[in-house]
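Student: Quick one, work_10.cif (mmCIF, C-alpha atoms and all ligand atoms):
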data_query
loop_
_atom_site.label_atom_id
_atom_site.label_comp_id
_atom_site.auth_asym_id
_atom_site.auth_seq_id
_atom_site.Cartn_x
_atom_site.Cartn_y
_atom_site.Cartn_z
CA MET A 1 -12.49 9.92 -11.67
CA THR A 2 -15.81 9.14 -13.35
CA VAL A 3 -16.15 8.30 -17.01
CA ARG A 4 -18.05 11.08 -18.71
CA THR A 5 -20.46 10.04 -21.43
CA VAL A 6 -22.24 13.31 -21.97
CA PRO A 7 -20.73 16.70 -22.79
CA GLU A 8 -20.16 19.37 -20.23
CA PRO A 9 -23.29 21.49 -19.71
CA VAL A 10 -23.59 24.42 -22.07
CA PRO A 11 -24.57 27.66 -20.34
CA GLY A 12 -27.25 29.74 -21.96
CA LEU A 13 -29.26 27.00 -23.70
CA SER A 14 -33.02 27.50 -23.58
CA ALA A 15 -35.39 24.76 -22.41
CA ASP A 16 -36.33 24.14 -26.07
CA GLN A 17 -32.68 23.77 -27.02
CA GLN A 18 -32.10 21.33 -24.15
CA ALA A 19 -35.13 19.36 -25.30
CA PHE A 20 -33.77 19.38 -28.86
CA ARG A 21 -30.49 17.94 -27.58
CA GLU A 22 -32.31 15.19 -25.68
CA ASP A 23 -34.31 14.39 -28.80
CA VAL A 24 -31.18 14.11 -31.00
CA ARG A 25 -29.36 12.13 -28.34
CA SER A 26 -32.17 9.62 -27.95
CA LEU A 27 -32.37 9.17 -31.72
CA LEU A 28 -28.63 8.51 -31.83
CA ALA A 29 -29.04 5.96 -29.03
CA SER A 30 -31.83 4.11 -30.90
CA THR A 31 -31.30 0.53 -32.05
CA GLU A 32 -31.48 1.61 -35.70
CA VAL A 33 -28.45 3.86 -35.21
CA THR A 34 -26.41 1.80 -32.77
CA GLU A 35 -26.73 -1.27 -35.00
CA GLU A 36 -25.52 0.68 -38.00
CA LEU A 37 -22.57 2.09 -36.05
CA ALA A 38 -21.63 -1.39 -34.80
CA GLU A 39 -21.79 -2.71 -38.37
CA LEU A 40 -19.56 0.14 -39.58
CA ALA A 41 -17.02 -0.45 -36.82
CA ALA A 42 -16.80 -4.11 -37.80
CA ARG A 43 -16.07 -3.39 -41.47
CA PRO A 44 -12.60 -4.17 -42.78
CA PRO A 45 -10.28 -1.25 -43.64
CA GLY A 46 -11.06 0.24 -47.04
CA GLU A 47 -14.84 -0.12 -46.75
CA GLU A 48 -15.60 3.43 -45.85
CA PRO A 49 -18.95 4.83 -44.71
CA VAL A 50 -20.92 6.94 -47.17
CA LEU A 51 -24.66 7.69 -46.94
CA LEU A 52 -25.87 6.27 -43.64
CA GLU A 53 -29.32 5.33 -42.38
CA THR A 54 -28.32 7.44 -39.39
CA TYR A 55 -28.25 10.56 -41.59
CA ARG A 56 -31.59 9.62 -43.12
CA ALA A 57 -33.08 9.06 -39.67
CA LEU A 58 -31.93 12.53 -38.59
CA GLY A 59 -32.95 14.02 -41.94
CA ARG A 60 -36.49 12.63 -41.81
CA GLU A 61 -37.48 15.23 -39.24
CA GLY A 62 -35.23 18.06 -40.32
CA ARG A 63 -32.59 17.38 -37.67
CA LEU A 64 -29.65 16.87 -40.01
CA ALA A 65 -29.68 20.56 -41.03
CA PRO A 66 -31.84 22.14 -38.31
CA SER A 67 -30.82 25.73 -39.06
CA TRP A 68 -32.01 25.55 -42.67
CA PRO A 69 -35.41 26.89 -43.66
CA VAL A 70 -38.25 24.36 -43.54
CA GLU A 71 -38.75 24.62 -47.33
CA TYR A 72 -35.22 23.24 -47.82
CA GLY A 73 -35.58 20.37 -45.35
CA GLY A 74 -34.51 22.08 -42.11
CA LEU A 75 -36.37 23.24 -39.03
CA GLY A 76 -35.76 26.98 -39.31
CA LEU A 77 -33.72 26.95 -36.08
CA GLY A 78 -30.26 28.45 -35.46
CA ALA A 79 -26.53 27.90 -35.04
CA VAL A 80 -27.02 26.46 -31.54
CA GLU A 81 -29.20 23.59 -32.79
CA SER A 82 -26.73 22.90 -35.65
CA ALA A 83 -23.91 22.71 -33.12
CA ILE A 84 -25.96 20.38 -30.92
CA VAL A 85 -26.38 17.96 -33.84
CA THR A 86 -22.68 18.15 -34.71
CA GLU A 87 -21.66 17.61 -31.09
CA GLU A 88 -24.04 14.73 -30.46
CA MET A 89 -22.95 13.01 -33.69
CA ALA A 90 -19.29 13.31 -32.65
CA LEU A 91 -19.99 12.02 -29.13
CA ALA A 92 -21.93 9.08 -30.53
CA GLY A 93 -19.10 8.24 -32.94
CA VAL A 94 -21.11 8.87 -36.13
CA PRO A 95 -18.76 9.26 -39.15
CA ASP A 96 -19.26 12.87 -40.16
CA ASP A 97 -17.48 13.55 -43.47
CA VAL A 98 -20.64 13.43 -45.56
CA HIS A 99 -22.43 15.72 -43.10
CA VAL A 100 -19.55 18.20 -42.86
CA LEU A 101 -19.07 18.38 -46.62
CA GLY A 102 -22.70 18.31 -47.74
CA VAL A 103 -24.47 20.24 -45.00
CA ASP A 104 -21.86 22.35 -43.22
CA ILE A 105 -19.91 23.42 -46.31
CA VAL A 106 -21.69 22.93 -49.67
CA GLY A 107 -25.13 23.49 -48.15
CA MET A 108 -23.96 26.56 -46.25
CA PHE A 109 -22.46 28.10 -49.45
CA LEU A 110 -25.68 27.39 -51.37
CA LEU A 111 -27.87 28.83 -48.62
CA ALA A 112 -25.76 31.98 -48.48
CA GLU A 113 -25.05 32.50 -52.18
CA GLY A 114 -26.98 29.95 -54.27
CA THR A 115 -29.72 30.86 -56.72
CA PRO A 116 -33.29 29.75 -55.88
CA GLU A 117 -32.92 27.01 -58.54
CA GLN A 118 -29.65 25.74 -57.02
CA LYS A 119 -31.20 25.70 -53.55
CA ARG A 120 -34.30 23.83 -54.70
CA ALA A 121 -32.24 21.33 -56.69
CA HIS A 122 -29.81 20.38 -53.93
CA LEU A 123 -30.66 21.51 -50.41
CA PRO A 124 -33.65 19.21 -49.70
CA ALA A 125 -31.69 16.10 -50.73
CA LEU A 126 -28.68 17.18 -48.63
CA ALA A 127 -30.88 17.90 -45.60
CA ALA A 128 -32.52 14.49 -45.98
CA GLY A 129 -29.15 12.70 -45.97
CA GLU A 130 -29.85 11.40 -49.47
CA ARG A 131 -27.05 13.06 -51.46
CA VAL A 132 -23.26 13.32 -51.24
CA ALA A 133 -21.81 16.73 -52.12
CA THR A 134 -18.09 17.29 -51.93
CA VAL A 135 -15.56 20.12 -51.84
CA LEU A 136 -12.90 20.58 -54.52
CA PHE A 137 -10.66 23.38 -53.30
CA THR A 138 -7.22 21.85 -52.63
CA GLU A 139 -4.91 21.14 -55.59
CA PRO A 140 -1.60 19.29 -55.91
CA GLY A 141 0.17 22.69 -55.82
CA CYS A 142 -1.91 24.59 -53.26
CA GLY A 143 -3.96 23.98 -50.13
CA SER A 144 -3.60 26.49 -47.32
CA ASP A 145 -3.18 29.39 -49.72
CA LEU A 146 -5.87 28.94 -52.34
CA SER A 147 -4.88 32.14 -54.14
CA GLY A 148 -2.41 29.96 -56.06
CA LEU A 149 -4.99 27.60 -57.50
CA ALA A 150 -4.44 26.58 -61.11
CA THR A 151 -7.70 24.90 -62.19
CA ARG A 152 -8.86 27.00 -65.12
CA ALA A 153 -12.33 27.90 -66.34
CA GLU A 154 -11.80 28.73 -70.04
CA PRO A 155 -14.55 30.88 -71.63
CA ASP A 156 -16.81 28.85 -73.94
CA GLY A 157 -19.83 30.68 -75.39
CA ASP A 158 -21.93 31.92 -72.50
CA GLY A 159 -20.17 29.53 -70.12
CA TRP A 160 -16.83 27.85 -69.41
CA ARG A 161 -14.89 24.63 -69.79
CA LEU A 162 -13.01 23.51 -66.69
CA TYR A 163 -9.53 21.97 -66.75
CA GLY A 164 -7.41 21.02 -63.74
CA SER A 165 -6.73 18.63 -60.87
CA LYS A 166 -8.03 18.59 -57.30
CA VAL A 167 -6.61 16.49 -54.51
CA TYR A 168 -7.14 15.46 -50.85
CA ASN A 169 -10.91 15.77 -51.24
CA MET A 170 -13.10 13.27 -49.41
CA LYS A 171 -15.96 11.18 -50.80
CA SER A 172 -15.72 12.47 -54.39
CA GLN A 173 -15.84 8.88 -55.64
CA TYR A 174 -19.37 8.70 -54.16
CA GLY A 175 -20.53 12.27 -54.76
CA GLU A 176 -23.03 13.70 -57.20
CA ILE A 177 -21.99 17.34 -57.08
CA ALA A 178 -18.97 19.26 -55.87
CA LEU A 179 -18.31 22.84 -54.97
CA CYS A 180 -15.26 23.53 -57.11
CA ALA A 181 -12.99 26.59 -57.10
CA ALA A 182 -11.50 27.54 -60.47
CA ARG A 183 -9.70 30.52 -61.98
CA THR A 184 -11.90 32.53 -64.34
CA SER A 185 -9.54 35.43 -64.94
CA ASP A 186 -5.92 36.44 -64.46
CA GLY A 187 -4.80 39.72 -63.04
CA PRO A 188 -2.07 41.29 -60.96
CA VAL A 189 -3.73 40.15 -57.69
CA ALA A 190 -3.80 36.33 -57.42
CA MET A 191 -6.86 36.29 -55.11
CA HIS A 192 -9.03 37.96 -57.71
CA GLY A 193 -10.39 35.93 -60.58
CA ILE A 194 -11.46 32.82 -58.62
CA THR A 195 -15.02 31.57 -59.12
CA LEU A 196 -17.00 28.85 -57.34
CA PHE A 197 -18.90 26.36 -59.49
CA LEU A 198 -21.25 23.47 -58.85
CA LEU A 199 -19.57 20.66 -60.75
CA PRO A 200 -21.49 17.47 -61.63
CA LEU A 201 -19.11 14.72 -60.54
CA ARG A 202 -20.69 11.99 -62.64
CA SER A 203 -19.92 13.63 -65.92
CA PRO A 204 -17.69 12.26 -68.72
CA GLY A 205 -15.11 15.03 -68.18
CA VAL A 206 -14.53 14.14 -64.51
CA HIS A 207 -12.25 11.30 -63.48
CA VAL A 208 -12.05 10.43 -59.77
CA GLU A 209 -9.27 8.24 -58.46
CA PRO A 210 -9.14 7.16 -54.82
CA VAL A 211 -5.82 7.95 -53.11
CA PRO A 212 -4.96 5.90 -49.99
CA SER A 213 -4.41 7.88 -46.82
CA MET A 214 -2.99 6.96 -43.40
CA ALA A 215 -6.54 6.79 -42.09
CA ASP A 216 -9.21 4.28 -43.15
CA GLU A 217 -10.89 6.65 -45.59
CA CYS A 218 -9.40 7.44 -48.98
CA PHE A 219 -8.76 10.87 -50.40
CA GLY A 220 -9.87 11.62 -53.94
CA LEU A 221 -7.72 12.82 -56.84
CA VAL A 222 -10.10 14.47 -59.29
CA ALA A 223 -9.06 15.25 -62.87
CA ILE A 224 -11.34 17.72 -64.62
CA ASP A 225 -10.99 17.68 -68.38
CA GLY A 226 -13.14 20.14 -70.29
CA VAL A 227 -16.43 19.84 -68.38
CA ARG A 228 -18.78 22.49 -69.73
CA LEU A 229 -20.51 24.67 -67.16
CA GLY A 230 -22.93 27.55 -67.68
CA PRO A 231 -23.88 30.67 -65.73
CA GLN A 232 -26.49 28.57 -63.85
CA ASP A 233 -23.61 26.57 -62.29
CA VAL A 234 -21.84 29.56 -60.73
CA VAL A 235 -22.24 29.90 -56.95
CA GLY A 236 -22.24 33.58 -56.01
CA ARG A 237 -20.68 35.98 -58.50
CA VAL A 238 -18.02 35.36 -61.13
CA ASP A 239 -14.53 36.24 -59.78
CA ASP A 240 -15.86 36.52 -56.22
CA GLY A 241 -14.81 33.05 -54.98
CA TRP A 242 -11.88 34.17 -52.83
CA ARG A 243 -14.05 36.45 -50.71
CA LEU A 244 -16.72 33.77 -50.31
CA MET A 245 -14.24 31.08 -49.31
CA ASN A 246 -12.66 33.36 -46.73
CA GLU A 247 -15.93 34.62 -45.29
CA LEU A 248 -17.88 31.37 -45.26
CA LEU A 249 -15.30 28.70 -44.42
CA GLN A 250 -14.50 30.30 -41.07
CA LEU A 251 -18.19 29.95 -40.09
CA GLU A 252 -17.74 26.19 -40.14
CA ARG A 253 -14.66 26.45 -37.90
CA THR A 254 -16.12 26.48 -34.39
CA GLY A 255 -14.11 23.58 -32.94
CA ILE A 256 -17.33 21.80 -31.83
CA ASP A 257 -16.70 18.71 -33.97
CA PHE A 258 -13.03 18.42 -32.99
CA HIS A 259 -13.87 18.79 -29.31
CA GLY A 260 -16.65 16.15 -29.52
CA LYS A 261 -14.35 13.60 -31.15
CA ALA A 262 -11.57 14.29 -28.66
CA ARG A 263 -14.00 13.98 -25.74
CA ARG A 264 -15.22 10.62 -26.99
CA LEU A 265 -11.62 9.45 -27.29
CA LEU A 266 -10.69 10.62 -23.79
CA ASP A 267 -13.75 8.84 -22.36
CA LEU A 268 -12.52 5.67 -24.01
CA VAL A 269 -9.01 6.09 -22.59
CA VAL A 270 -10.36 6.77 -19.07
CA GLU A 271 -12.61 3.72 -19.31
CA ARG A 272 -9.70 1.50 -20.35
CA ALA A 273 -7.46 3.01 -17.67
CA ALA A 274 -10.12 2.26 -15.04
CA ARG A 275 -10.38 -1.34 -16.22
CA ALA A 276 -6.61 -1.73 -16.13
CA GLY A 277 -6.40 -0.27 -12.59
CA ARG A 278 -4.36 2.70 -13.83
CA LEU A 279 -6.53 5.26 -12.04
CA ASP A 280 -4.97 4.11 -8.75
CA ASP A 281 -1.70 5.57 -10.01
CA PRO A 282 -1.96 9.23 -8.88
CA VAL A 283 0.52 10.48 -11.46
CA PHE A 284 -1.40 8.91 -14.32
CA ALA A 285 -4.76 9.99 -12.87
CA VAL A 286 -3.56 13.60 -12.67
CA ARG A 287 -2.47 13.40 -16.29
CA LEU A 288 -5.96 12.27 -17.31
CA ALA A 289 -7.50 14.98 -15.14
CA GLU A 290 -5.38 17.55 -16.94
CA LEU A 291 -6.58 16.27 -20.31
CA ASP A 292 -10.14 16.41 -19.02
CA ALA A 293 -9.62 20.04 -17.98
CA ARG A 294 -8.17 20.90 -21.39
CA LEU A 295 -11.23 19.44 -23.08
CA GLY A 296 -13.40 21.46 -20.71
CA ALA A 297 -11.61 24.57 -21.96
CA ALA A 298 -11.95 23.46 -25.61
CA HIS A 299 -15.66 22.89 -25.04
CA ALA A 300 -16.18 26.34 -23.50
CA LEU A 301 -14.24 28.01 -26.32
CA ALA A 302 -16.13 26.11 -29.04
CA TRP A 303 -19.51 27.01 -27.56
CA GLU A 304 -18.50 30.64 -27.37
CA MET A 305 -17.92 30.47 -31.14
CA VAL A 306 -21.37 28.95 -31.62
CA HIS A 307 -23.00 31.70 -29.57
CA ASN A 308 -21.09 34.26 -31.65
CA LEU A 309 -22.55 32.71 -34.81
CA ASP A 310 -25.99 32.72 -33.27
CA ARG A 311 -25.62 36.45 -32.61
CA GLU A 312 -24.40 36.83 -36.21
CA ALA A 313 -21.10 38.14 -34.83
CA PRO A 314 -18.50 35.55 -35.90
CA ASP A 315 -14.96 36.10 -34.65
CA PRO A 316 -12.46 34.59 -37.14
CA VAL A 317 -9.45 34.92 -34.84
CA ALA A 318 -11.17 33.29 -31.86
CA SER A 319 -12.49 30.57 -34.23
CA ALA A 320 -8.93 29.87 -35.33
CA MET A 321 -7.93 29.56 -31.64
CA SER A 322 -10.81 27.19 -30.97
CA LYS A 323 -10.05 24.94 -33.95
CA TRP A 324 -6.34 24.92 -33.12
CA TYR A 325 -6.81 24.19 -29.43
CA ALA A 326 -9.37 21.38 -29.84
CA SER A 327 -7.49 19.63 -32.65
CA GLU A 328 -4.18 19.76 -30.74
CA GLN A 329 -5.66 17.62 -27.92
CA PHE A 330 -5.81 14.37 -29.91
CA ARG A 331 -2.10 13.59 -29.70
CA PRO A 332 -1.72 13.82 -25.89
CA ILE A 333 -4.96 11.84 -25.38
CA LEU A 334 -3.79 9.12 -27.74
CA ASP A 335 -0.37 9.04 -26.10
CA ALA A 336 -2.00 8.51 -22.69
CA GLY A 337 -4.11 5.71 -24.18
CA LEU A 338 -1.02 4.09 -25.60
CA GLU A 339 0.43 3.90 -22.10
CA VAL A 340 -2.64 2.05 -20.82
CA ASP A 341 -2.49 -0.94 -23.14
CA GLY A 342 0.99 -0.48 -24.59
CA VAL A 343 1.74 -1.37 -28.18
CA ASP A 344 -1.06 -3.96 -28.17
CA SER A 345 -3.48 -1.09 -28.64
CA LEU A 346 -1.70 -0.22 -31.88
CA LEU A 347 -2.47 -3.55 -33.52
CA SER A 348 -5.23 -3.35 -36.08
CA ARG A 349 -8.33 -5.28 -35.01
CA TRP A 350 -7.75 -7.26 -38.22
CA ASP A 351 -4.30 -8.36 -37.05
CA GLY A 352 -4.28 -12.03 -36.02
CA GLU A 353 -2.27 -11.11 -32.90
CA ALA A 354 -4.69 -8.38 -31.75
CA ARG A 355 -6.26 -8.93 -28.34
CA SER A 356 -8.69 -6.06 -28.64
CA THR A 357 -11.46 -5.34 -31.12
CA SER A 358 -11.40 -1.61 -30.41
CA ARG A 359 -10.69 0.90 -33.14
CA TYR A 360 -8.00 2.63 -31.08
CA GLU A 361 -5.37 1.98 -33.72
CA ALA A 362 -7.60 3.56 -36.39
CA ASP A 363 -8.02 6.64 -34.18
CA TYR A 364 -4.25 6.80 -33.80
CA ARG A 365 -3.77 6.83 -37.57
CA MET A 366 -6.47 9.47 -37.97
CA ALA A 367 -5.02 11.86 -35.36
CA PRO A 368 -2.61 13.83 -37.59
CA ALA A 369 -5.44 14.63 -40.01
CA HIS A 370 -7.24 16.69 -37.35
CA ARG A 371 -4.31 19.13 -37.35
CA LEU A 372 -4.62 19.51 -41.15
CA ALA A 373 -8.29 19.41 -42.12
CA SER A 374 -10.36 22.65 -41.98
CA GLY A 375 -7.16 24.71 -41.90
CA THR A 376 -3.84 23.44 -40.55
CA SER A 377 -2.62 24.18 -37.03
CA GLU A 378 0.20 26.34 -38.40
CA VAL A 379 -2.22 28.39 -40.48
CA MET A 380 -4.50 28.84 -37.45
CA LEU A 381 -1.48 30.16 -35.49
CA TYR A 382 -0.59 32.40 -38.44
CA LEU A 383 -4.12 33.88 -38.43
CA ILE A 384 -3.95 34.46 -34.67
CA ALA A 385 -0.52 36.08 -34.93
CA THR A 386 -1.35 38.34 -37.88
CA ASN A 387 -5.06 39.17 -37.65
CA GLY A 388 -5.31 38.77 -33.87
CA LEU A 389 -2.02 40.05 -32.47
CA GLY A 390 -1.08 42.34 -35.35
CA MET A 391 2.31 40.68 -35.82
CA LEU A 392 3.93 40.89 -39.26
C1 LIG A 401 -8.73 14.60 -43.44
C2 LIG A 401 -8.63 15.66 -44.48
C3 LIG A 401 -9.72 15.95 -45.27
C4 LIG A 401 -9.63 16.91 -46.28
N1 LIG A 401 -10.72 17.12 -47.06
C5 LIG A 401 -10.65 18.01 -48.08
C6 LIG A 401 -11.75 18.19 -48.98
O1 LIG A 401 -12.78 17.53 -48.84
N2 LIG A 401 -11.62 19.07 -50.00
C7 LIG A 401 -10.48 19.80 -50.19
O2 LIG A 401 -10.44 20.61 -51.11
N3 LIG A 401 -9.40 19.64 -49.37
C8 LIG A 401 -9.47 18.76 -48.34
N4 LIG A 401 -8.38 18.55 -47.51
C9 LIG A 401 -7.14 19.25 -47.79
C10 LIG A 401 -6.81 20.30 -46.76
O3 LIG A 401 -7.68 21.40 -46.87
C11 LIG A 401 -5.36 20.70 -47.03
O4 LIG A 401 -4.56 19.56 -46.75
C12 LIG A 401 -4.92 21.84 -46.18
O5 LIG A 401 -5.56 23.02 -46.58
C13 LIG A 401 -3.40 22.04 -46.29
O6 LIG A 401 -3.03 22.18 -47.61
P1 LIG A 401 -1.82 21.34 -48.22
O7 LIG A 401 -2.04 19.91 -47.88
O8 LIG A 401 -1.68 21.71 -49.65
O9 LIG A 401 -0.55 21.83 -47.41
P2 LIG A 401 0.22 23.21 -47.59
O10 LIG A 401 -0.74 24.35 -47.63
O11 LIG A 401 1.19 23.07 -48.72
O12 LIG A 401 1.02 23.26 -46.24
C14 LIG A 401 2.16 22.45 -46.00
C15 LIG A 401 2.68 22.78 -44.60
O13 LIG A 401 3.02 24.18 -44.54
C16 LIG A 401 2.33 24.79 -43.45
N5 LIG A 401 1.94 26.17 -43.82
C17 LIG A 401 1.24 26.56 -44.91
N6 LIG A 401 1.04 27.91 -44.90
C18 LIG A 401 1.61 28.36 -43.76
C19 LIG A 401 1.73 29.65 -43.15
N7 LIG A 401 1.19 30.75 -43.72
N8 LIG A 401 2.39 29.74 -41.98
C20 LIG A 401 2.92 28.63 -41.37
N9 LIG A 401 2.84 27.39 -41.90
C21 LIG A 401 2.20 27.25 -43.06
C22 LIG A 401 1.08 23.94 -43.23
O14 LIG A 401 0.62 24.04 -41.91
C23 LIG A 401 1.61 22.55 -43.53
O15 LIG A 401 2.22 22.00 -42.38
C24 LIG A 401 -8.42 17.61 -46.48
C25 LIG A 401 -7.32 17.32 -45.69
C26 LIG A 401 -7.42 16.37 -44.70
C27 LIG A 401 -6.21 16.06 -43.86
#
Please go through the file and, once you have read it, give me the structure as structure tokens.
Ligand SMILES: Cc1cc2nc3c(=O)[nH]c(=O)nc-3n(C[C@H](O)[C@H](O)[C@H](O)COP(=O)(O)OP(=O)(O)OC[C@H]3O[C@@H](n4cnc5c(N)ncnc54)[C@H](O)[C@@H]3O)c2cc1C
Tutor:
Amino acid sequence: MTVRTVPEPVPGLSADQQAFREDVRSLLASTEVTEELAELAARPPGEEPVLLETYRALGREGRLAPSWPVEYGGLGLGAVESAIVTEEMALAGVPDDVHVLGVDIVGMFLLAEGTPEQKRAHLPALAAGERVATVLFTEPGCGSDLSGLATRAEPDGDGWRLYGSKVYNMKSQYGEIALCAARTSDGPVAMHGITLFLLPLRSPGVHVEPVPSMADECFGLVAIDGVRLGPQDVVGRVDDGWRLMNELLQLERTGIDFHGKARRLLDLVVERAARAGRLDDPVFAVRLAELDARLGAAHALAWEMVHNLDREAPDPVASAMSKWYASEQFRPILDAGLEVDGVDSLLSRWDGEARSTSRYEADYRMAPAHRLASGTSEVMLYLIATNGLGML
């Protein structure tokens, strides 16, 4: 078995799109980027990555948000080029939270629903990799079902004052703005009456507390206490947040990022197995071949979702399948890796007894999060069962 370092070929890419991939890949292989990634990997736990030179390097020529219009810092390209950037970043091991939150989510909402002023104020800085924008949807009492959210926007003159708590958000301690969902009105239907706001995070009414997680990066617990927002801070229409969250969040759910990270991990396991002579064991080699085949399927499924987006024909049920399938592959890959080096591979590189400087142990701690972030595995199955198979 050969160690694969590049993704499976994607059918249907034009010559220009192939050239774009080569261009992004060579930038991510440049000394500037590889040195930064090596420096990040050597940092002690708790020192998490935020704005990277790597983002700025991609952003300088519009490659961080290639599908955005040129006037907002993009290249005016499409969903395929965006997916290429996401995939290449995952394969190169670039930490992607800031990109996912700022470009794929907040930027996408602003592009779709923002006012011209909101777009001008935020999109160019996000596309340049110069600003951290975060997402404040989940609350202590609700995550998967956001219809139960309790953060309130109380009327105040021509605007509102926000009160509430948000949890499990990433990077809020470093962010400048957040896309925040709050309840603007009550009614018999819980989904109605939710509005999306752009919340300035560095304001006196916002308190951000880091919350340790199993992985190296912290979550944020954000207390919002009377921050005043005006009509200019609303994203989309008042009381229309539920529809926007449902329509737009699924566009981000192609499975491309999860597949890329899983592929990188499997490559690492195969490489270590080869070094340890485990590929001579036919039973173990077949197990790795099966994992390789599963990632081939995840890759094909994820790219089908990208092509759907490119045709402006997203398929929410198939997207749920793709996210579920790709994110479920981490556990069996990590279990196979554990068998190669045994429990030694689970020692932190900072443990005095550790023989390896790899970040395998950090990947192991991160694995459960893939089943939760961007919609949990159970919720993906629920969507497939109800919306796809008509059960219930
Ligand atoms: C790494 C990571 C990053 C995150 N980043 C952010 C962020 O930046 N901003 C943000 O707002 N949130 C973020 N989240 C939060 C994430 O969106 C929520 O954790 C997720 O939506 C689940 O919500 P919950 O934790 O409240 O669990 P719950 O919704 O309470 O679910 C608890 C359990 O019940 C299951 N469940 C729920 N509903 C159903 C159903 N209908 N059928 C079957 N089972 C069900 C779930 O699968 C889960 O196992 C992040 C989470 C992770 C892990």
Student: Can you tell me which residues sit at most 9 Å away from ligand LIG 401 (chain A), counting all atoms listed in the file, written as a PyMOL selection string?
Tutor: chain A and resi 97+101+134-146+166-172+180-181+213+215+217+219-220+366+368-383
Student: How far is it from CA of Val50 in chain A to CA of Glu113 in chain A, in Å with one decimal?
Tutor: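 These atoms are spaced 26.4 Å apart.
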Student: Find the residue from A:Asp216, A:Asp257, A:Asp240, A:Glu252 that sits nearest to Arg359 in chain A; use all atoms listed in the file when measuring.
Tutor: A:Asp216
Student: So, with only C-alpha atoms as the atoms that count, which of A:Ile224, A:Ile333, A:Leu309, A:Glu8 lies closest to Ala289 in chain A?
Tutor: A:Ile333
Student: Just give me the gap between CA of Pro316 in chain A and CA of Ala133 in chain A in Å, one decimal is fine.
Tutor: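 So the two atoms, CA of Pro316 in chain A and CA of Ala133 in chain A, lie 25.1 Å apart.
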Student: A:Val10, A:Leu40, A:Pro204, A:Gly129: which is nearest Leu58 in chain A, counting all atoms listed in the file?
Tutor: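 Among the listed residues, A:Gly129 lies closest to Leu58 in chain A.
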Student: Considering all atoms listed in the file, state which residue in the set A:Gln118, A:Asn387, A:Thr254, A:Thr184 is at the smallest distance from Ser327 in chain A.
Tutor: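 Selected residue with least distance to Ser327 in chain A: A:Thr254.
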